Every structure is written in C-alpha cells, then in structure tokens.
Amino acid sequence: MSELTHLTLADARDMLRAKKVSSSELTRAFVAAMERARMLNAFVTETRDRALEMAKASDERIWRGDARPLEGLPVAIKDLFCTKGVRTTAGSRILGNFIPPYESTVSQNLWDAGAVMLGKTNMDEFAMGSSNETSYFKPAINPWRARDSNENLVPGGSSGGSAAAVAASLCLGATGTDTGGSIRQPAALSGIVGVKPTYGRCSRWGIVAFASSLDQAGPMTRTVRDAAIMLSHMASVDEKDSTSVDMPVPDYEDGLEGGVSGLRIGIPKEYRLQGAPPEIDALWQQGAYWLRAQGAEIVDVSLPHTKYALPAYYIVAPAEASSNLARYDGVRYGHRAEGSHDLVDLYEHSRSQGFGAEVKRRVLIGTYVLSAGYYDAYYTRAQKVRTLIKRDFERAWEKCDALLTPATPGPAFPVGRKSNDPVSMYLNDVFTVTVNLAGLPAISVPVGLTENGLPLGLQVIGKTFDEATALRVGRSIELAANFTDRPRSWWMA
Amino acid sequence: MSERASKYIRGATGDWEIVVGMEVHAQVLSNAKLFSGAATVFGAEPNSQVSFVDAGMPGMLPVINRKCVEQAIRTGLGLKAKINRRSVFDRKNYFYPDLPAGYQISQYKQPIVGEGEVTIDLRGGETRRVGIERLHLEQDAGKSLHDQHPDYSYVDLNRAGVALMEIVTKPDMRGSEEAAAFLRKLRSIVRYLGTCDGNMDEGSMRADVNVSVRRPGEPLGTRCEIKNVNSMRFIVQAVEYEARRQVDILESGGTIRQETRLFDSRAGETRSMRSKEEAHDYRYFPDPDLLPLELDEAWIEDIASSLPELPDEKKTRFMEIGLSAYDAAVLVGEKETADYFEAMVTEGAEPKAAANWLNNEVFGRLNKAGLSVVTSPVSPSQNAAILQLLSDNVISGKIAKDLLDIVWSEGGDPRAHVDAKGMRQVTDTSMIERAVDAVIAANPDKAERVKTKPKLAGWLVGQVMKETGGKANPQAVNDVLRTRLGITHEG
C-alpha cells in the first residue's frame with residue numbers, strides 16, 4: 001500500500017490509464033494513510049466516503065474508456081475552497097458548521113477533470129499566518145523533523161495542512177491559496193513543490209476571500225510535473241470572477257522538459273538578506289550554478305523597492321481583509337453568540353468569539369489604515385509602493401526571462417517559536433510577497449536539506465501569465481537538485 | 001402660494017431665502033440586480049429574490065450587470081451630463097443586518113456620470129435650470145422588518161443588491177415648489193428614458209433633501225439633510241417645515257448644526273437622526289473584486305442615438321404648433337399623455353383645441369374614474385372625431401360634451417352616434433325662425449324688455465335652444481332673434 005501513496009501524480013495517472021491499478025485501490029491507500037496520520041492534523045475534514053464513491057465512478061469511466069485528464073487521482077482541498085455539501089471552515093470558528101451549497105470554480109474544475117476528493121486540509125485562520133498555528137482546529141504538524149529531534153515543527157502557512165498532507169504522502173497533490181506566500185512558504189518548509197499562478201489565472205469564485213487583490217489558488221505537489229498537471233486543470237477564465245483573465249491555459253506538462261538553455265535568469269541583489277542563515281545564500285548560489293550548467297545565462301538585476309514590499313503588503317492585505325470579513329456577523333450563517341441583548345451586542349460577541357487573535361489583529365490594522373485621516377498616509381501610499389514594485393519587475397524583464405530567489409529566509413521552525421512575535425512571523429513572507437503585490441507567477445522547488453536535515457526551497461518568478469517558463473526553470477532545478485529525501489514516517493499510528 | 005412666498009420665508013426680522021439641493025435614489029429598471037443575476041420584481045415573497053452574492057455568502061463575487069450600466073449612461077445622456085469613460089466601484093463599509101456583506105458597493109471618487117442639468121417648469125410657464133453634480137451606480141440594501149415578532153427583527157434581502165442611480169444636484173433650487181418641480185421633472189425624464197419607473201409609492205424613487213436658509217444675497221447657510229422623503233407632497237412639507245425651523249433658530253440667536261434628519265410624514269415635521277460628528281466613517285476604498293469600469297465610445301454613441309425625444313424637446317415642439325408653455329408643460333409631463341395628444345393631432349385635431357379639450361374635458365373625467373390616458377375608454381381618434389364635428393359646426397359645444405359621455409360609455413364612432421341620435425345641430429334658418437317666433441309669441445313681455453336691454457337676450461336664446469332640443473346653432477338663433485326684435489348692434 002505504501003508504495004502506492006509514494007507515487008507521483010503523473011505516475012499514478014499513467015498506472016491508472018494502463019489499468020495497473022484502480023482508482024479505488026489508490027484511494028483506499030490514501031484514505032488509510034490519512035487515517036493513520038491524524039497526528040499531523042493535516043485535515044480538518046476527511047471525506048472518506050465521498051472519496052471512495054468518486055473513485056468507484058472514476059474506475060467505471062476508466063473501464064468504459066472515458067477517462068478524463070485527472071481521472072481517479074486523489075487530491076486534498078485547502079479548507080478555504082467552498083465544497084458543496086462538505087463543511088468549509090477557513091480554519092475559523094466563525095464559520096461554525098458552514099456547509100456551502102456551492103462548489104468553488106477551482107475545485108469544480110478538478111472534479112470535472114476526474115480528480116477524487118480526500119478531504120479538506122488545515123490552514124491558518126482565513127489564510128492569515130505563516131505557521132498554521134492560527135487555525136481554530138490546532139496547527140497541522142510538519143512531517144519533517146530535525147535530525148535527532150522529536151520536536152514538532154510547523155509546516156508553514158497558511159496552506160500548512162496541504163503542505164503536510166503532500167509531504168507525508170497522504171494525497172497526490174493538494175490545492176493551496178497564496179496571498180503573500182501561503183503556497184510557496186509551506187511548500188519550501190515541507191520539502192514539496194508549490195505554484196502561485198499569475199493573479200487572474202485561477203478563478204477566486206467560491207474561495208473564502210482574504211485579500212481579494214492578492215489571493216490566488218495554486219497546486220502543491222511532490223514534483224514540478226505534478227504541479228504542472230494540476231495547474232492545467234485548476235486554471236480557467238470564469239465569468240463569475242471579474243478579475244479572472246481570459247488567456248488560453250496551456251498544457252503546462254508539455255513544455256516542461258524544454259530546459260533552460262538560452263534563458264536569462266535574473267538574480268535580484270535585494271534578496272540577499274542581512275542575517276539570513278548562510279545555508280540559504282549557499283543554496284541560492286548553488287541554484288544559479290545548476291542553471292548556468294544547463295545553459296542559462298545568469299544576470300544580476302535590481303528590484304530596488306523590495307524593502308517596501310512587506311510593509312505595503314501588511315497594509316493592503318489587512319485593509320481588504322477588514323472589509324472581506326465584515327460579512328461574518330452571526331446574522332445569516334456561521335457562529336452566533338448566545339444571549340446577546342441587541343444588535344451591537346450580537347456583532348461584538350459573535351465576532352470576538354468567532355475570530356482568533358491574528359485575524360482580529362489584521363481586522364484592526366485594516367480598519368485603521370482605511371479610516372478617515374489615515375487612508376492617504378497608509379492605503380494610498382501602499383498602493384503607490386505596489387505600482388513601484390510592479391515597475392521594478394517590468395524593468396527586470398528587460399534583462400531576464402525569469403528570476404531566481406530563495407523561497408524563505410529559513411527552514412521550518414518549532415511550533416510556538418514565533419507565535420507570539422507577529423513581526424518575526426511576518427518576515428517569513430519577505431521573499432514571496434513582492435510576487436503577490438505584482439501579480440506574478442512563481443514556483444517554489446525543494447532543493448536540499450539544512451545541516452539539521454530540514455528542507456529548503458528556491459523560488460522561480462516568471463513574467464505575467466508565463467507560468468510555463470517558471471515551471472520549466474523549476475523543473476531544471478529539480479533535475480539538478482535531485483531532491484529525493486523523504487520525512488521519516490514517525491507519525492504513523 | 002405665490003412664487004415669492006415659496007422661494008422666501010418671512011421671519012420676524014425679514015425675508016430668508018430657502019436653498020435646496022437633492023440626492024435622488026432612482027432604482028434602475030432592469031430584470032436583474034447590479035452585481036447578481038437575481039430578479040428585481042417589486043412585492044415578491046420575502047427573500048425569494050436573493051442570490052448567494054446578495055446574501056454575502058463566503059467566496060461569492062460581484063459581476064457587473066451590463067444592462068444597469070447602460071441604463072446609467074442613458075440617464076446621464078438624458079441629463080445632458082458628461083459620461084465618464086472610466087469609473088470605479090468602491091466599498092462603503094458599515095455594519096447592518098440588511099447589508100449582508102458588511103459593505104455597499106458604490107462609486108465614490110470616480111462616478112460613471114459627471115455634471116449635467118435639468119430644466120424645471122414653474123408656474124406661469126417659467127423655467128429654471130438646476131445643475132446636476134453627478135450620477136453614480138450603487139447597490140440598494142435589504143429591508144429590516146421590526147414589526148413581525150415581539151422579540152425579533154427580520155430581514156428581507158429581496159432589495160439587497162438592486163441597482164440604484166444616485167443623482168446629486170447642486171444647491172440650485174429655491175423653495176419647496178422648485179424642489180417638487182425638480183423631482184417631478186427628473187421623474188418625467190427617467191420615465192421617458194425607461195431607466196426608472198419613478199414609482200415613489202414602491203420606493204423606486206426616493207429623495208434626500210438638503211435644506212438651508214440665508215439672507216438673500218448672502219453665502220450659503222449650514223444645511224441639514226432630510227432622509228428618504230418619498231412623495232412630492234412630503235417634499236413640499238419637509239422643506240417648508242425645515243426652513244421654518246432653521247429661521248426660528250437663527251432669529252432667536254442660535255446656529256444651525258449640520259445634521260441628518262428624518263421627515264415624519266404623520267406629524268409633518270423633521271427630527272434629528274444624527275449630527276455630523278456622529279456620522280459614520282465608511283472607510284471607502286476601491287472594490288478589489290471589480291475592475292474599473294471602462295466605457296467604449298461606440299457603445300455610448302449607440303445609446304445616445306437610441307434616446308427618445310425628451311420632455312423639453314417635446315415641449316418646444318408643442319409650443320411651435322401653437323400650445324402655450326403651460327399647456328405644453330402639462331401635456332409632456334407624462335410620455336403617455338403627450339403620445340395621446342399627438343395621436344389626436346395626427347387624426348386631424350387642431351393642436352390648441354385638442355389641448356383645451358384634453359385639459360377641460362378628458363383629464364377630469366379620467367381622474368374621476370381613476371383611469372389614465374392608457375386605460376381611457378375613449379381613443380385619441382374618437383376624441384379627434386368629436387372635435388372635428390365641433391369645428392365643422394355639425395354639433396354644438398354642449399352637444400360635444402354629451403357626445404363624449406356617450407362615446408365614453410357606449411364606444412363607437414362619434415359620427416354614427418350623431419346621426420343615429422339626431423344630435424346634428426340645426427342650421428336650417430326657417431326652422432330656427434319658427435322656433436324664435438314661437439318663443440317671442442309665448443313671452444311677449446320678455447321680448448319687449450330685450451328690445452331695450454339686449455343683454456337679456458340670452459334667456460330667450462336659451463328658450464329657443466330648449467325648444468330645439470339643443471340642436472340649434474346658438475349663433476344662428478342669436479342672429480335670428482336680434483333681427484326679429486330689431487336689435488341692430490350689441491348694446
């Protein structure tokens with residue numbers, strides 16, 4: 001059974017097509033793995049019965065010769081995507097027992113392509129966090145542990161449950177969402193691949209909104225090829241999302257092995273952080289070396305406004321969140337406080353009971369920066385910074401075709417280490433937020449282990465709607481890095 | 001009330017000028033809401049016209065309804081206003097149960113329509129220009145129901161998300177009559193355009209009225225905003241009450257506090273809702289779920305070329321065919337009335353006579369019967385036929401009114417009624433002479449007196465008309481009578 005769960009999505013697909021294995025067998029293997037890995041708390045809701053039903057239907061299609069591109073492949077869905085008839089929590093208490101009567105466009109696209117749903121993965125509350133510790137359902141745990149240590153580490157966040165589930169081989173792939181790094185950072189900390197597509201590539205319809213101008217869904221998988229396959233069947237223009245873009249979605253798997261010969265890869269000097277572990281810098285240089293060795297030209301570029309990205313992000317994202325989260329008021333659905341005397345009471349109690357500390361912090365920040373008298377000093381200036389950051393990238397594209405940076409400033413850290421220090425927590429996103437502010441696609445690829453045996457990743461940033469190049473570069477790094485390490489299966493019940 | 005009395009208000013220390021500006025919320029005529037596909041029919045079962053978007057469900061996104069944008073552009077063109085090629089939707093944030101998302105999508109800094117103007121029609125055919133500041137699109141909120149249960153309030157979201165046009169004027173109106181005249185004209189324009197049904201009873205059109213007073217010639221005073229005034233009559237009452245209240249405060253040495261007030265139509269008074277200091281901070285910011293609205297030049301031109309003739313143009317045209325400014329303004333107020341009038345003219349009625357006939361005979365009867373020109377039992381061509389019979393001297397004015405009543409209740413061709421019922425007026429002189437002679441013979445005393453006091457001839461004419469069953473031509477009777485009695489000129 002364990003061999004089945006260690007298959008890549010691409011290999012599982014090929015075996016299903018060749019009828020070497022059935023979707024039901026595959027799905028049962030993952031369900032069993034999922035049930036034995038509850039210690040990891042990767043799932044908020046397991047949908048065993050639905051998974052087995054979907055697998056059965058897929059097997060029938062496969063036997064009829066009617067298989068769709070992802071037919072019978074078990075995946076997990078971040079609990080931010082609304083799933084029809086299946087509780088959707090956004091990692092929060094305030095949604096209570098909310099069961100959506102509709103299916104998000106991205107998950108629907110996956111089901112339409114034949115994928116099988118294993119369950120809903122844990123996450124930071126409303127996708128606000130970098131460690132999965134803000135989840136109302138307790139944090140997901142990283143399958144990786146430092147060498148000779150039994151200490152629980154965070155899987156990163158906010159898509160920490162998805163990252164843990166993929167890293168522990170509890171699913172072939174999972175969906176994530178990335179507002180400031182929420183796919184790429186947990187991917188890097190969990191030793192897997194994560195792709196944040198161009199803003200507008202995947203529909204946001206049916207995804208619980210955090211920061212609407214930054215949120216973007218993407219795949220989290222064990223290989224670049226798997227990410228390419230999944231993304232091809234997540235992305236679509238959607239008339240229900242005005243910000244989705246009508247651009248043909250290529251078959252990302254096709255050009256994957258094209259190599260990097262002749263590509264110009266930019267190294268932005270502003271991403272060299274003071275005080276970052278030397279391992280990070282060494283790995284970055286190693287990555288550049290690998291690409292040069294495969295025929296890429298390495299060029300130095302400058303993204304001068306990078307240092308303003310994190311502060312700008314922590315104005316724009318909370319501002320939008322403060323408004324997006326206003327609908328959780330205890331009136332129509334979700335958690336409602338008992339014993340309220342009047343309307344204001346009902347709002348105050350429902351929201352103070354329903355939201356966790358980090359969400360409250362961001363709602364307060366967001367409300368503050370949008371307030372009369374402060375709006376121009378904060379929100380307007382942050383938007384200007386955003387424009388400048390976009391311009392930085394546009395200038396860089398004159399010199400290169402993709403950028404190579406570290407994915408995170410460090411490896412996975414112990415549960416509890418940063419949870420009382422928001423600023424140090426926010427710094428986790430320092431290499432990833434610029435990409436969200438500029439709306440660009442980027443991929444995080446695992447490349448090696450720290451001295452302590454914890455995975456680290458590199459990030460490749462592509463031009464707008466050029467996920468294909470970012471994936472191709474990512475694939476080249478993956479080939480060179482030959483990262484085959486797996487976490488020890490200490491969690492098996 | 002004279003023009004002067006309505007523009008000014010007399011205080012203990014002299015005259016004060018009443019200054020009025022307005023924010024009108026006009027519900028866009030469209031089958032679907034501004035950002036969702038839900039229906040917009042008035043009076044449906046509570047919460048039967050609510051989509052997941054309207055209910056503020058998690059993950060739902062707004063998508064602009066093209067029809068609503070078109071209606072806003074059409075209205076802007078009808079207000080002779082600047083259409084902004086680029087406009088932006090903003091979120092206006094506040095908590096209330098009838099606002100499911102916790103914010104209203106509106107347009108704040110960059111509205112779809114800029115400055116324009118409306119010409120209002122005043123008594124005596126006078127007109128006046130009222131400047132339009134802007135028009136923007138926004139969502140309506142739902143409705144809280146507080147009277148359904150002793151312990152709970154209920155919310156009906158049918159209206160939540162319905163498209164509204166907020167039309168903001170400059171402070172260009174003086175007094176309550178002009179305020180009412182503005183709203184009447186605006187209503188007329190949007191109804192001509194087909195962009196709003198103007199049904200104030202159903203809340204499709206509601207006005208927030210800003211009132212201030214000042215000494216004539218002085219700068220504008222501090223204003224108070226009266227929320228949600230929903231009839232022409234209430235606007236007059238609210239403006240007058242509010243102006244009087246402000247004058248009383250100023251004359252007793254007080255100052256006006258800028259505030260929002262509500263109009264209590266039962267008490268006929270305005271009451272404070274909240275002061276400027278208590279005003280909400282709405283934390284407006286551009287809605288990241290919606291792209292800026294960019295309008296295509298060709299589309300605007302298309303809409304412009306499909307605009308109907310509007311009341312002002314129609315009024316000018318009616319005046320060119322002989323109507324007074326007053327009659328023309330009355331007839332163009334409702335498009336259906338103007339159409340009815342024009343149909344009569346097309347059927348051959350003389351315009352001035354048609355206008356008088358409608359104003360004096362037809363409208364009164366319709367009002368009394370609770371009907372409108374659209375549901376009138378008498379058609380324009382039937383009316384035109386009656387007027388034709390009158391101008392051809394086939395019937396008298398008196399008979400024409402009788403004929404209208406007959407056609408009203410029985411229908412049919414007026415000419416046929418005249419023939420069948422023998423209503424044709426008598427112009428046969430010998431028959432009239434016989435009738436006149438008979439009346440003189442029967443009333444010798446009166447005939448004698450008329451010889452010296454010709455003004456009394458009317459009574460005798462009446463007798464002759466009676467004798468002939470009203471069918472004699474009154475002018476012919478008069479002529480014969482005067483000849484017989486030897487009256488040569490008007491005495």
# chains A, B, ... in the order shown; residues from 1 in each chain; ligands from 1

$ residues_around --residues "Arg128 in chain B" --least-positions-apart "2" --cutoff "9 Å" --atoms "only C-alpha atoms" --output "VMD selection string"
chain B and resid 118 to 122 126 130 173 178

$ residues_around --residues "range 478-490 of chain A" --least-positions-apart "3" --cutoff "7 Å" --atoms "only C-alpha atoms" --output "PDB file with C-alpha atoms, in the first residue's frame"
ATOM      1  CA  PRO A 143       6.150  15.663   8.719  1.00  0.00           C
ATOM      2  CA  TRP A 144       9.795  16.749   8.764  1.00  0.00           C
ATOM      3  CA  TRP A 290      22.881  24.478 -11.720  1.00  0.00           C
ATOM      4  CA  VAL A 445      11.003  23.974  -5.561  1.00  0.00           C
ATOM      5  CA  PRO A 446      12.662  21.883  -2.819  1.00  0.00           C
ATOM      6  CA  VAL A 447      16.398  21.703  -3.414  1.00  0.00           C
ATOM      7  CA  GLY A 448      18.104  20.312  -0.363  1.00  0.00           C
ATOM      8  CA  GLY A 474      11.706  24.875 -11.758  1.00  0.00           C
ATOM      9  CA  ARG A 475      11.929  21.519 -13.485  1.00  0.00           C
TER      10      ARG A 475
END

$ select_by_dssp --residues "range 185-269 of chain B" --states "helix (DSSP H, G or I)" --output "VMD selection string"
chain B and resid 185 to 193 232 to 251

$ interface_residues --of "chain A" --to "chain B" --cutoff "10 Å" --atoms "only C-alpha atoms" --output "count of residues only"
58

$ atom_distance --atom1 "CA of Tyr271 in chain A" --atom2 "CA of Gly259 in chain A"
24.7 Å

$ residues_around --residues "range 408-420 of chain A" --least-positions-apart "4" --cutoff "7 Å" --atoms "only C-alpha atoms" --output "list in words"
Glu151, Asn152, Leu153, Val154, Pro155, Gly156, Gln185, Leu189, Ala276, Pro277, Ile280, Ser424, Met425, Asn428, Asp429, Phe431, Leu454, Pro455 and Leu456 of chain A

$ closest_atom_pairs --of "range 249-312 of chain B" --to "range 68-81 of chain B" --cutoff "8 Å" --atoms "only C-alpha atoms" --output "Markdown table"
| residue | atom | partner | partner_atom | distance |
| --- | --- | --- | --- | --- |
| B:Ile300 | CA | B:Ile73 | CA | 7.2 |
| B:Ile303 | CA | B:Arg74 | CA | 6.3 |
| B:Ala304 | CA | B:Leu77 | CA | 6.7 |
| B:Leu307 | CA | B:Arg74 | CA | 7.3 |
| B:Leu310 | CA | B:Gly78 | CA | 7.5 |

$ closest_residue --among "B:Leu390, B:Ile487, B:Ala38, B:Ala44" --to "Thr452 in chain B" --atoms "only C-alpha atoms"
B:Ile487

$ residues_around --residues "Met319 in chain B" --least-positions-apart "5" --cutoff "8 Å" --atoms "only C-alpha atoms" --output "PyMOL selection string"
chain B and resi 324-325+328

$ atom_distance --atom1 "CA of Glu270 in chain A" --atom2 "CA of Val299 in chain A"
13.7 Å

$ residues_around --residues "Val237 in chain A" --least-positions-apart "6" --cutoff "10 Å" --atoms "only C-alpha atoms" --output "VMD selection string"
chain A and resid 105 200 to 203 243 to 249

$ write_last_selection --atoms "C-alpha atoms" --output "PDB file, in the first residue's frame"
ATOM      1  CA  THR A 105     -14.706  27.066  -9.563  1.00  0.00           C
ATOM      2  CA  GLY A 200      -6.352  36.121 -12.554  1.00  0.00           C
ATOM      3  CA  ARG A 201      -5.188  32.712 -13.802  1.00  0.00           C
ATOM      4  CA  CYS A 202      -7.386  30.740 -11.388  1.00  0.00           C
ATOM      5  CA  SER A 203     -10.874  31.882 -10.532  1.00  0.00           C
ATOM      6  CA  THR A 243     -10.688  39.599 -12.124  1.00  0.00           C
ATOM      7  CA  SER A 244     -10.068  36.242 -13.800  1.00  0.00           C
ATOM      8  CA  VAL A 245      -8.335  36.695 -17.124  1.00  0.00           C
ATOM      9  CA  ASP A 246      -9.290  35.261 -20.489  1.00  0.00           C
ATOM     10  CA  MET A 247      -5.935  33.832 -21.540  1.00  0.00           C
ATOM     11  CA  PRO A 248      -5.611  30.366 -23.059  1.00  0.00           C
ATOM     12  CA  VAL A 249      -4.472  27.868 -20.415  1.00  0.00           C
TER      13      VAL A 249
END

$ residues_around --residues "Glu3 in chain A" --least-positions-apart "3" --cutoff "12 Å" --atoms "only C-alpha atoms" --output "list of chain:residue names"
A:His6, A:Leu7, A:Thr8, A:Asp11, A:Ala12, A:Val21, A:Glu25, A:Leu26, A:Ala29, A:Phe30, A:Ala33, A:Ser169, A:Leu170

$ atom_distance --atom1 "CA of Asp197 in chain B" --atom2 "CA of Ala163 in chain B"
12.9 Å

$ residues_around --residues "Lys227 in chain B" --least-positions-apart "5" --cutoff "12 Å" --atoms "only C-alpha atoms" --output "PDB file with N, CA and C atoms, in the first residue's frame"
ATOM      1  N   MET B  22     -30.533  68.239  -3.739  1.00  0.00           N
ATOM      2  CA  MET B  22     -31.172  66.947  -3.545  1.00  0.00           C
ATOM      3  C   MET B  22     -30.265  65.797  -3.945  1.00  0.00           C
ATOM      4  N   GLU B  23     -30.417  64.678  -3.257  1.00  0.00           N
ATOM      5  CA  GLU B  23     -29.797  63.420  -3.684  1.00  0.00           C
ATOM      6  C   GLU B  23     -30.947  62.466  -3.920  1.00  0.00           C
ATOM      7  N   VAL B  24     -31.143  62.100  -5.175  1.00  0.00           N
ATOM      8  CA  VAL B  24     -32.273  61.240  -5.506  1.00  0.00           C
ATOM      9  C   VAL B  24     -31.760  59.827  -5.777  1.00  0.00           C
ATOM     10  N   HIS B  25     -32.387  58.858  -5.114  1.00  0.00           N
ATOM     11  CA  HIS B  25     -32.078  57.458  -5.404  1.00  0.00           C
ATOM     12  C   HIS B  25     -33.140  56.931  -6.350  1.00  0.00           C
ATOM     13  N   ARG B 206     -36.596  57.855  -4.334  1.00  0.00           N
ATOM     14  CA  ARG B 206     -36.665  58.474  -3.022  1.00  0.00           C
ATOM     15  C   ARG B 206     -35.634  59.599  -2.991  1.00  0.00           C
ATOM     16  N   ALA B 207     -35.930  60.611  -2.226  1.00  0.00           N
ATOM     17  CA  ALA B 207     -35.033  61.766  -2.234  1.00  0.00           C
ATOM     18  C   ALA B 207     -34.528  62.072  -0.837  1.00  0.00           C
ATOM     19  N   ASP B 208     -33.230  62.404  -0.754  1.00  0.00           N
ATOM     20  CA  ASP B 208     -32.687  63.022   0.445  1.00  0.00           C
ATOM     21  C   ASP B 208     -32.599  64.503   0.105  1.00  0.00           C
ATOM     22  N   VAL B 209     -33.218  65.337   0.947  1.00  0.00           N
ATOM     23  CA  VAL B 209     -33.332  66.753   0.610  1.00  0.00           C
ATOM     24  C   VAL B 209     -32.451  67.568   1.544  1.00  0.00           C
ATOM     25  N   ASN B 210     -31.544  68.342   0.959  1.00  0.00           N
ATOM     26  CA  ASN B 210     -30.681  69.229   1.750  1.00  0.00           C
ATOM     27  C   ASN B 210     -31.298  70.616   1.776  1.00  0.00           C
ATOM     28  N   VAL B 211     -31.524  71.153   2.974  1.00  0.00           N
ATOM     29  CA  VAL B 211     -32.174  72.456   3.113  1.00  0.00           C
ATOM     30  C   VAL B 211     -31.292  73.379   3.932  1.00  0.00           C
ATOM     31  N   PHE B 234     -44.733  65.389   0.375  1.00  0.00           N
ATOM     32  CA  PHE B 234     -43.876  65.381   1.556  1.00  0.00           C
ATOM     33  C   PHE B 234     -42.659  66.289   1.345  1.00  0.00           C
ATOM     34  N   ILE B 235     -42.187  66.368   0.107  1.00  0.00           N
ATOM     35  CA  ILE B 235     -41.027  67.233  -0.142  1.00  0.00           C
ATOM     36  C   ILE B 235     -41.392  68.676   0.164  1.00  0.00           C
ATOM     37  N   ALA B 238     -41.758  68.952   3.950  1.00  0.00           N
ATOM     38  CA  ALA B 238     -40.488  68.817   4.658  1.00  0.00           C
ATOM     39  C   ALA B 238     -39.638  70.070   4.491  1.00  0.00           C
ATOM     40  N   VAL B 239     -39.562  70.575   3.252  1.00  0.00           N
ATOM     41  CA  VAL B 239     -38.737  71.767   3.007  1.00  0.00           C
ATOM     42  C   VAL B 239     -39.294  72.948   3.802  1.00  0.00           C
ATOM     43  N   GLU B 259     -26.580  68.325  10.252  1.00  0.00           N
ATOM     44  CA  GLU B 259     -27.017  67.017  10.746  1.00  0.00           C
ATOM     45  C   GLU B 259     -27.926  66.332   9.735  1.00  0.00           C
ATOM     46  N   THR B 260     -28.176  65.084  10.017  1.00  0.00           N
ATOM     47  CA  THR B 260     -29.098  64.304   9.203  1.00  0.00           C
ATOM     48  C   THR B 260     -30.410  64.206   9.954  1.00  0.00           C
ATOM     49  N   ARG B 261     -31.517  64.502   9.269  1.00  0.00           N
ATOM     50  CA  ARG B 261     -32.823  64.494   9.917  1.00  0.00           C
ATOM     51  C   ARG B 261     -33.767  63.574   9.164  1.00  0.00           C
ATOM     52  N   LEU B 262     -34.800  63.149   9.840  1.00  0.00           N
ATOM     53  CA  LEU B 262     -35.799  62.354   9.133  1.00  0.00           C
ATOM     54  C   LEU B 262     -37.101  63.129   9.110  1.00  0.00           C
ATOM     55  N   PHE B 263     -37.930  62.842   8.095  1.00  0.00           N
ATOM     56  CA  PHE B 263     -39.217  63.517   7.978  1.00  0.00           C
ATOM     57  C   PHE B 263     -40.305  62.576   8.474  1.00  0.00           C
ATOM     58  N   ASP B 264     -41.037  63.031   9.480  1.00  0.00           N
ATOM     59  CA  ASP B 264     -42.158  62.259   9.995  1.00  0.00           C
ATOM     60  C   ASP B 264     -43.404  62.765   9.285  1.00  0.00           C
ATOM     61  N   SER B 265     -43.879  61.958   8.331  1.00  0.00           N
ATOM     62  CA  SER B 265     -44.964  62.470   7.477  1.00  0.00           C
ATOM     63  C   SER B 265     -46.268  62.589   8.254  1.00  0.00           C
ATOM     64  N   THR B 270     -39.676  67.469  10.770  1.00  0.00           N
ATOM     65  CA  THR B 270     -38.390  66.784  10.647  1.00  0.00           C
ATOM     66  C   THR B 270     -37.804  66.628  12.046  1.00  0.00           C
ATOM     67  N   ARG B 271     -37.079  65.525  12.219  1.00  0.00           N
ATOM     68  CA  ARG B 271     -36.462  65.260  13.528  1.00  0.00           C
ATOM     69  C   ARG B 271     -35.024  64.822  13.347  1.00  0.00           C
ATOM     70  N   SER B 272     -34.180  65.163  14.326  1.00  0.00           N
ATOM     71  CA  SER B 272     -32.754  64.859  14.217  1.00  0.00           C
ATOM     72  C   SER B 272     -32.499  63.353  14.262  1.00  0.00           C
ATOM     73  N   MET B 273     -31.645  62.861  13.342  1.00  0.00           N
ATOM     74  CA  MET B 273     -31.221  61.454  13.373  1.00  0.00           C
ATOM     75  C   MET B 273     -29.814  61.351  13.935  1.00  0.00           C
ATOM     76  N   ARG B 274     -28.898  62.107  13.333  1.00  0.00           N
ATOM     77  CA  ARG B 274     -27.522  62.103  13.833  1.00  0.00           C
ATOM     78  C   ARG B 274     -26.804  63.359  13.362  1.00  0.00           C
TER      79      ARG B 274
END
